[in-house]
$ cat work.pdb   # PDB, C-alpha atoms
ATOM      1  CA  MET A 128       0.000   0.000   0.000
ATOM      2  CA  CYS A 129       1.088   3.526  -0.798
ATOM      3  CA  SER A 130       0.570   6.218   1.846
ATOM      4  CA  VAL A 131       0.373  10.000   1.631
ATOM      5  CA  TYR A 132       1.013  12.157   4.692
ATOM      6  CA  TYR A 133       0.293  15.755   5.605
ATOM      7  CA  HIS A 134       3.516  17.312   6.758
ATOM      8  CA  GLY A 135       3.491  19.617   9.737
ATOM      9  CA  MET A 136       4.452  19.360  13.363
ATOM     10  CA  PHE A 137       3.249  15.741  13.267
ATOM     11  CA  ASP A 138       2.847  13.445  10.284
ATOM     12  CA  ILE A 139      -0.835  12.569   9.958
ATOM     13  CA  LEU A 140      -1.910   9.842   7.561
ATOM     14  CA  LYS A 141      -4.261  11.315   4.965
ATOM     15  CA  PHE A 142      -4.842   8.297   2.769
ATOM     16  CA  LYS A 143      -3.532   4.852   2.014
ATOM     17  CA  LEU A 144      -3.956   3.368  -1.459
ATOM     18  CA  PRO A 145      -4.520  -0.329  -2.135
ATOM     19  CA  ASP A 146      -2.048  -2.413  -4.113
ATOM     20  CA  LYS A 147      -4.385  -2.489  -7.123
ATOM     21  CA  ILE A 148      -4.675   0.949  -8.757
ATOM     22  CA  SER A 149      -5.250   2.062 -12.341
ATOM     23  CA  TYR A 150      -4.239   5.033 -14.432
ATOM     24  CA  LYS A 151      -6.319   6.628 -17.173
ATOM     25  CA  LYS A 152      -4.459   4.662 -19.852
ATOM     26  CA  ASP A 153      -5.362   1.362 -18.105
ATOM     27  CA  VAL A 154      -9.155   1.839 -18.087
ATOM     28  CA  ASP A 155     -11.729   1.070 -20.794
ATOM     29  CA  PHE A 156     -14.109   4.057 -20.887
ATOM     30  CA  LEU A 157     -16.392   2.791 -23.678
ATOM     31  CA  GLU A 158     -19.552   2.318 -21.628
ATOM     32  CA  ASP A 159     -21.593   5.172 -20.164
ATOM     33  CA  PRO A 160     -21.393   6.786 -17.645
ATOM     34  CA  TRP A 161     -17.644   5.979 -17.468
ATOM     35  CA  SER A 162     -16.959   7.821 -20.708
ATOM     36  CA  ARG A 163     -17.759  11.021 -18.762
ATOM     37  CA  LEU A 164     -14.985  10.171 -16.295
ATOM     38  CA  GLN A 165     -12.396  10.071 -19.070
ATOM     39  CA  THR A 166     -13.131  13.711 -19.957
ATOM     40  CA  VAL A 167     -12.340  14.968 -16.420
ATOM     41  CA  MET A 168      -9.300  12.784 -15.746
ATOM     42  CA  CYS A 169      -5.645  13.764 -16.087
ATOM     43  CA  ASP A 170      -3.058  11.182 -17.171
ATOM     44  CA  SER A 171      -1.533  11.172 -13.675
ATOM     45  CA  ASP A 172      -4.860  10.533 -11.854
ATOM     46  CA  LEU A 173      -5.279   7.226 -10.057
ATOM     47  CA  LEU A 174      -8.412   5.077  -9.888
ATOM     48  CA  CYS A 175      -9.098   2.456  -7.253
ATOM     49  CA  GLU A 176     -12.015   0.569  -5.709
ATOM     50  CA  GLU A 177     -10.995   1.122  -2.090
ATOM     51  CA  ILE A 178      -9.001   3.554   0.016
ATOM     52  CA  ILE A 179      -8.264   4.239   3.658
ATOM     53  CA  LEU A 180      -8.862   7.946   4.216
ATOM     54  CA  ASN A 181      -8.099   9.483   7.622
ATOM     55  CA  GLY A 182      -8.311   6.016   9.152
ATOM     56  CA  VAL A 183     -11.695   5.146   7.572
ATOM     57  CA  LYS A 184     -12.007   2.502   4.869
ATOM     58  CA  TYR A 185     -14.131   3.367   1.838
ATOM     59  CA  GLU A 186     -14.811   0.712  -0.764
ATOM     60  CA  LYS A 187     -16.915   0.185  -3.859
ATOM     61  CA  GLY A 188     -20.558  -0.217  -2.821
ATOM     62  CA  SER A 189     -20.242   1.874   0.364
ATOM     63  CA  LEU A 190     -23.043   4.331   1.094
ATOM     64  CA  ILE A 191     -21.854   7.843   1.956
ATOM     65  CA  VAL A 192     -23.728  10.965   3.076
ATOM     66  CA  ILE A 193     -22.980  13.926   0.825
ATOM     67  CA  GLU A 194     -25.368  16.543   2.206
ATOM     68  CA  VAL A 195     -27.946  16.974   4.997
ATOM     69  CA  LYS A 196     -31.148  18.796   4.015
ATOM     70  CA  GLU A 197     -34.087  20.181   5.973
ATOM     71  CA  GLY A 198     -32.674  19.428   9.397
ATOM     72  CA  GLY A 199     -31.995  15.789   8.604
ATOM     73  CA  GLU A 200     -35.373  14.935   7.048
ATOM     74  CA  PHE A 201     -33.586  14.373   3.734
ATOM     75  CA  LEU A 202     -30.046  13.217   2.984
ATOM     76  CA  VAL A 203     -28.253  13.385  -0.335
ATOM     77  CA  THR A 204     -26.332  10.127  -0.471
ATOM     78  CA  GLY A 205     -23.937   8.433  -2.820
ATOM     79  CA  ILE A 206     -23.215   4.807  -3.525
ATOM     80  CA  LEU A 207     -19.482   4.599  -4.111
ATOM     81  CA  ARG A 208     -18.588   3.280  -7.559
ATOM     82  CA  MET A 209     -14.941   4.316  -7.859
ATOM     83  CA  ILE A 210     -12.328   6.484  -6.156
ATOM     84  CA  LEU A 211     -10.222   9.007  -8.046
ATOM     85  CA  VAL A 212      -7.011  10.383  -6.546
ATOM     86  CA  ARG A 213      -5.549  13.554  -8.028
ATOM     87  CA  PHE A 214      -2.298  14.616  -6.365
ATOM     88  CA  LYS A 215      -3.314  14.916  -2.666
ATOM     89  CA  ASP A 216      -7.087  15.174  -3.272
ATOM     90  CA  VAL A 217      -9.484  12.251  -3.089
ATOM     91  CA  PHE A 218     -12.725  12.266  -5.086
ATOM     92  CA  MET A 219     -15.608   9.815  -4.782
ATOM     93  CA  ILE A 220     -17.331   8.725  -7.995
ATOM     94  CA  VAL A 221     -20.874   7.940  -6.861
ATOM     95  CA  SER A 222     -24.426   7.222  -7.906
ATOM     96  CA  LYS A 223     -26.055  10.193  -6.201
ATOM     97  CA  GLY A 224     -29.553   9.986  -4.754
ATOM     98  CA  LEU A 225     -32.025  11.571  -2.377
ATOM     99  CA  THR A 226     -33.227   9.721   0.728
ATOM    100  CA  LYS A 227     -36.059  10.571   3.132
ATOM    101  CA  LYS A 228     -36.356   9.812   6.820
ATOM    102  CA  THR A 229     -39.363   7.610   7.587
ATOM    103  CA  ARG A 230     -41.550   7.995  10.658
ATOM    104  CA  LEU A 231     -39.817   4.932  12.125
ATOM    105  CA  GLY A 232     -36.443   6.708  11.957
ATOM    106  CA  TYR A 233     -34.700   4.859   9.143
ATOM    107  CA  TYR A 234     -33.982   6.376   5.721
ATOM    108  CA  GLU A 235     -35.242   5.154   2.389
ATOM    109  CA  SER A 236     -34.257   6.136  -1.130
ATOM    110  CA  VAL A 237     -36.624   8.482  -2.931
ATOM    111  CA  GLU A 238     -34.918   9.139  -6.264
ATOM    112  CA  VAL A 239     -31.652   8.758  -8.126
ATOM    113  CA  ILE A 240     -30.325  12.266  -8.837
ATOM    114  CA  ASP A 241     -27.305  11.349 -10.959
ATOM    115  CA  GLU A 242     -25.865   7.969 -11.929
ATOM    116  CA  PHE A 243     -22.432   9.553 -12.168
ATOM    117  CA  ALA A 244     -21.340  12.335  -9.824
ATOM    118  CA  VAL A 245     -17.882  13.382  -8.629
ATOM    119  CA  VAL A 246     -17.711  14.460  -4.980
ATOM    120  CA  ARG A 247     -14.601  15.723  -3.168
ATOM    121  CA  ALA A 248     -14.047  13.487  -0.130
ATOM    122  CA  SER A 249     -13.243  16.478   2.084
ATOM    123  CA  SER A 250     -16.711  17.943   1.414
ATOM    124  CA  LEU A 251     -18.736  14.930   2.602
ATOM    125  CA  ALA A 252     -21.355  15.714   5.259
ATOM    126  CA  ASP A 253     -20.295  12.590   7.148
ATOM    127  CA  TYR A 254     -17.000  10.741   7.070
ATOM    128  CA  LYS A 255     -18.382   7.315   8.092
ATOM    129  CA  PRO A 256     -19.720   5.007   5.376
ATOM    130  CA  LEU A 257     -23.108   3.418   6.088
ATOM    131  CA  ILE A 258     -24.531  -0.032   5.445
ATOM    132  CA  LEU A 259     -26.726  -0.195   2.360
ATOM    133  CA  ARG A 260     -29.680  -2.583   2.321
ATOM    134  CA  GLY A 261     -31.163  -3.056  -1.129
ATOM    135  CA  THR A 262     -30.167  -2.056  -4.645
ATOM    136  CA  ARG A 263     -28.732   1.115  -6.136
ATOM    137  CA  GLU A 264     -32.222   2.205  -7.208
ATOM    138  CA  LYS A 265     -34.142   1.308  -4.019
ATOM    139  CA  PHE A 266     -32.502   0.935  -0.615
ATOM    140  CA  VAL A 267     -32.876   1.641   3.100
ATOM    141  CA  PHE A 268     -30.350   2.392   5.852
ATOM    142  CA  VAL A 269     -30.090   3.425   9.479
ATOM    143  CA  LEU A 270     -27.725   6.052  10.827
ATOM    144  CA  HIS A 271     -25.431   4.427  13.363
ATOM    145  CA  HIS A 272     -24.229   7.797  14.700
ATOM    146  CA  PHE A 273     -25.298  11.438  14.831
ATOM    147  CA  ILE A 274     -24.587  13.691  11.836
ATOM    148  CA  SER A 275     -24.347  17.376  12.634
ATOM    149  CA  PHE A 276     -25.841  19.898  10.262
ATOM    150  CA  SER A 277     -26.615  23.582   9.862
ATOM    151  CA  TYR A 278     -30.183  24.905   9.674
ATOM    152  CA  SER A 279     -29.175  27.633   7.210
TER     153      SER A 279
END
$ encode --input "work.pdb" --output "structure tokens"
Amino acid sequence: MCSVYYHGMFDILKFKLPDKISYKKDVDFLEDPWSRLQTVMCDSDLLCEEIILNGVKYEKGSLIVIEVKEGGEFLVTGILRMILVRFKDVFMIVSKGLTKKTRLGYYESVEVIDEFAVVRASSLADYKPLILRGTREKFVFVLHHFISFSYS
């Protein structure tokens, strides 16, 4: 595994790459929506299916929270499809969707917003991946911890 550190008073692990990574030249972009990824990639960008970021493991199929809306009644989520690393930045390639909190307290998918979205890992509303129950189009999940948000 390859590791990248922030340098300062103390070295803090930012991310750790798996042994299996790909460059732009190694990937077949013929099928949609992956052809869109080719247009935003640089030759030096890396692609992988898993990464350890700030001590948290993200892998293909993980459910991540991108944005909290209306005080937590709705969450914009993403199902991780691929991870792109550009220099020291990590981007999540996700199927983006909207989920709604049910009266029983769990969340359920409402709609798929975008089958292919690029989200900067540092801008996620929550850094812990969640457990997805269901398919990419229709799923449910429970928050296993509190996610803070702003009412503005």
$ resolve_selection --input "work.pdb" --expression "the PyMOL selection byres ((chain A and resi 256) around 6)" --output "list in words"
Ser189, Leu190, Ile191, Lys255 and Leu257 of chain A
$ atom_distance --input "work.pdb" --atom1 "atom CA of Val167 of chain A" --atom2 "atom CA of Met219 of chain A"
13.1 Å
$ resolve_selection --input "work.pdb" --expression "the PyMOL selection byres ((chain A and resi 227) around 12)" --output "ChimeraX atom specification"
/A:195-204,224-226,228-238,265-269
$ atom_distance --input "work.pdb" --atom1 "atom CA of Glu242 of chain A" --atom2 "atom CA of Asp170 of chain A"
23.6 Å
$ atom_distance --input "work.pdb" --atom1 "atom CA of Ser250 of chain A" --atom2 "atom CA of Leu270 of chain A"
18.7 Å
$ resolve_selection --input "work.pdb" --expression "the PyMOL selection byres ((chain A and resi 181) around 8)" --output "ChimeraX atom specification"
/A:140-142,179-180,182-183
$ residues_around --input "work.pdb" --residues "Glu177 of chain A" --least-positions-apart "2" --cutoff "9 Å" --atoms "only C-alpha atoms" --output "number ranges by chain"
A: 144-145, 175, 179, 184-187, 209-210
$ residues_around --input "work.pdb" --residues "segment 214-218 of chain A" --least-positions-apart "6" --cutoff "8 Å" --atoms "all atoms listed in the file" --output "short mmCIF file (atom, residue, chain, number, x, y, z; two decimals) with C-alpha atoms, in the frame of the given file"
data_model
loop_
_atom_site.label_atom_id
_atom_site.label_comp_id
_atom_site.auth_asym_id
_atom_site.auth_seq_id
_atom_site.Cartn_x
_atom_site.Cartn_y
_atom_site.Cartn_z
CA VAL A 131 0.37 10.00 1.63
CA ASP A 172 -4.86 10.53 -11.85
CA VAL A 245 -17.88 13.38 -8.63
CA VAL A 246 -17.71 14.46 -4.98
CA ARG A 247 -14.60 15.72 -3.17
CA ALA A 248 -14.05 13.49 -0.13
CA SER A 249 -13.24 16.48 2.08
#
$ closest_residue --input "work.pdb" --among "A:Leu211, A:Leu251, A:Leu259, A:Ile206" --to "Val239 of chain A" --atoms "only C-alpha atoms"
A:Ile206
$ residues_near_point --input "work.pdb" --point "(-19.9, 15.5, 6.9)" --cutoff "8 Å" --atoms "all atoms listed in the file" --output "PyMOL selection string"
chain A and resi 192-194+250-254+274-275
$ build_atoms --input "work.pdb" --residues "segment 175-193 of chain A" --atoms "N, CA and C atoms" --output "PDB file, in the frame of the given file"
ATOM      1  N   CYS A 175      -9.120   3.675  -8.054  1.00  0.00           N
ATOM      2  CA  CYS A 175      -9.098   2.456  -7.253  1.00  0.00           C
ATOM      3  C   CYS A 175     -10.503   2.179  -6.725  1.00  0.00           C
ATOM      4  N   GLU A 176     -10.706   0.966  -6.229  1.00  0.00           N
ATOM      5  CA  GLU A 176     -12.015   0.569  -5.709  1.00  0.00           C
ATOM      6  C   GLU A 176     -12.101   0.663  -4.197  1.00  0.00           C
ATOM      7  N   GLU A 177     -10.981   0.944  -3.541  1.00  0.00           N
ATOM      8  CA  GLU A 177     -10.995   1.122  -2.090  1.00  0.00           C
ATOM      9  C   GLU A 177      -9.857   2.043  -1.684  1.00  0.00           C
ATOM     10  N   ILE A 178     -10.016   2.650  -0.513  1.00  0.00           N
ATOM     11  CA  ILE A 178      -9.001   3.554   0.016  1.00  0.00           C
ATOM     12  C   ILE A 178      -9.218   3.680   1.517  1.00  0.00           C
ATOM     13  N   ILE A 179      -8.150   3.905   2.240  1.00  0.00           N
ATOM     14  CA  ILE A 179      -8.264   4.239   3.658  1.00  0.00           C
ATOM     15  C   ILE A 179      -7.960   5.726   3.752  1.00  0.00           C
ATOM     16  N   LEU A 180      -8.952   6.490   4.174  1.00  0.00           N
ATOM     17  CA  LEU A 180      -8.862   7.946   4.216  1.00  0.00           C
ATOM     18  C   LEU A 180      -9.071   8.403   5.644  1.00  0.00           C
ATOM     19  N   ASN A 181      -8.044   9.035   6.225  1.00  0.00           N
ATOM     20  CA  ASN A 181      -8.099   9.483   7.622  1.00  0.00           C
ATOM     21  C   ASN A 181      -8.531   8.350   8.557  1.00  0.00           C
ATOM     22  N   GLY A 182      -8.039   7.162   8.297  1.00  0.00           N
ATOM     23  CA  GLY A 182      -8.311   6.016   9.152  1.00  0.00           C
ATOM     24  C   GLY A 182      -9.616   5.305   8.878  1.00  0.00           C
ATOM     25  N   VAL A 183     -10.398   5.749   7.898  1.00  0.00           N
ATOM     26  CA  VAL A 183     -11.695   5.146   7.572  1.00  0.00           C
ATOM     27  C   VAL A 183     -11.598   4.478   6.209  1.00  0.00           C
ATOM     28  N   LYS A 184     -12.066   3.239   6.130  1.00  0.00           N
ATOM     29  CA  LYS A 184     -12.007   2.502   4.869  1.00  0.00           C
ATOM     30  C   LYS A 184     -13.270   2.757   4.048  1.00  0.00           C
ATOM     31  N   TYR A 185     -13.062   3.191   2.813  1.00  0.00           N
ATOM     32  CA  TYR A 185     -14.131   3.367   1.838  1.00  0.00           C
ATOM     33  C   TYR A 185     -13.886   2.338   0.743  1.00  0.00           C
ATOM     34  N   GLU A 186     -14.959   1.680   0.306  1.00  0.00           N
ATOM     35  CA  GLU A 186     -14.811   0.712  -0.764  1.00  0.00           C
ATOM     36  C   GLU A 186     -16.028   0.739  -1.677  1.00  0.00           C
ATOM     37  N   LYS A 187     -15.846   0.227  -2.869  1.00  0.00           N
ATOM     38  CA  LYS A 187     -16.915   0.185  -3.859  1.00  0.00           C
ATOM     39  C   LYS A 187     -18.166  -0.414  -3.217  1.00  0.00           C
ATOM     40  N   GLY A 188     -19.304   0.255  -3.400  1.00  0.00           N
ATOM     41  CA  GLY A 188     -20.558  -0.217  -2.821  1.00  0.00           C
ATOM     42  C   GLY A 188     -20.915   0.442  -1.497  1.00  0.00           C
ATOM     43  N   SER A 189     -19.961   1.172  -0.896  1.00  0.00           N
ATOM     44  CA  SER A 189     -20.242   1.874   0.364  1.00  0.00           C
ATOM     45  C   SER A 189     -21.261   2.976   0.126  1.00  0.00           C
ATOM     46  N   LEU A 190     -22.075   3.244   1.135  1.00  0.00           N
ATOM     47  CA  LEU A 190     -23.043   4.331   1.094  1.00  0.00           C
ATOM     48  C   LEU A 190     -22.482   5.494   1.894  1.00  0.00           C
ATOM     49  N   ILE A 191     -22.406   6.675   1.272  1.00  0.00           N
ATOM     50  CA  ILE A 191     -21.854   7.843   1.956  1.00  0.00           C
ATOM     51  C   ILE A 191     -22.880   8.976   1.946  1.00  0.00           C
ATOM     52  N   VAL A 192     -22.824   9.820   2.977  1.00  0.00           N
ATOM     53  CA  VAL A 192     -23.728  10.965   3.076  1.00  0.00           C
ATOM     54  C   VAL A 192     -23.000  12.189   2.526  1.00  0.00           C
ATOM     55  N   ILE A 193     -23.583  12.787   1.501  1.00  0.00           N
ATOM     56  CA  ILE A 193     -22.980  13.926   0.825  1.00  0.00           C
ATOM     57  C   ILE A 193     -23.481  15.244   1.410  1.00  0.00           C
TER      58      ILE A 193
END
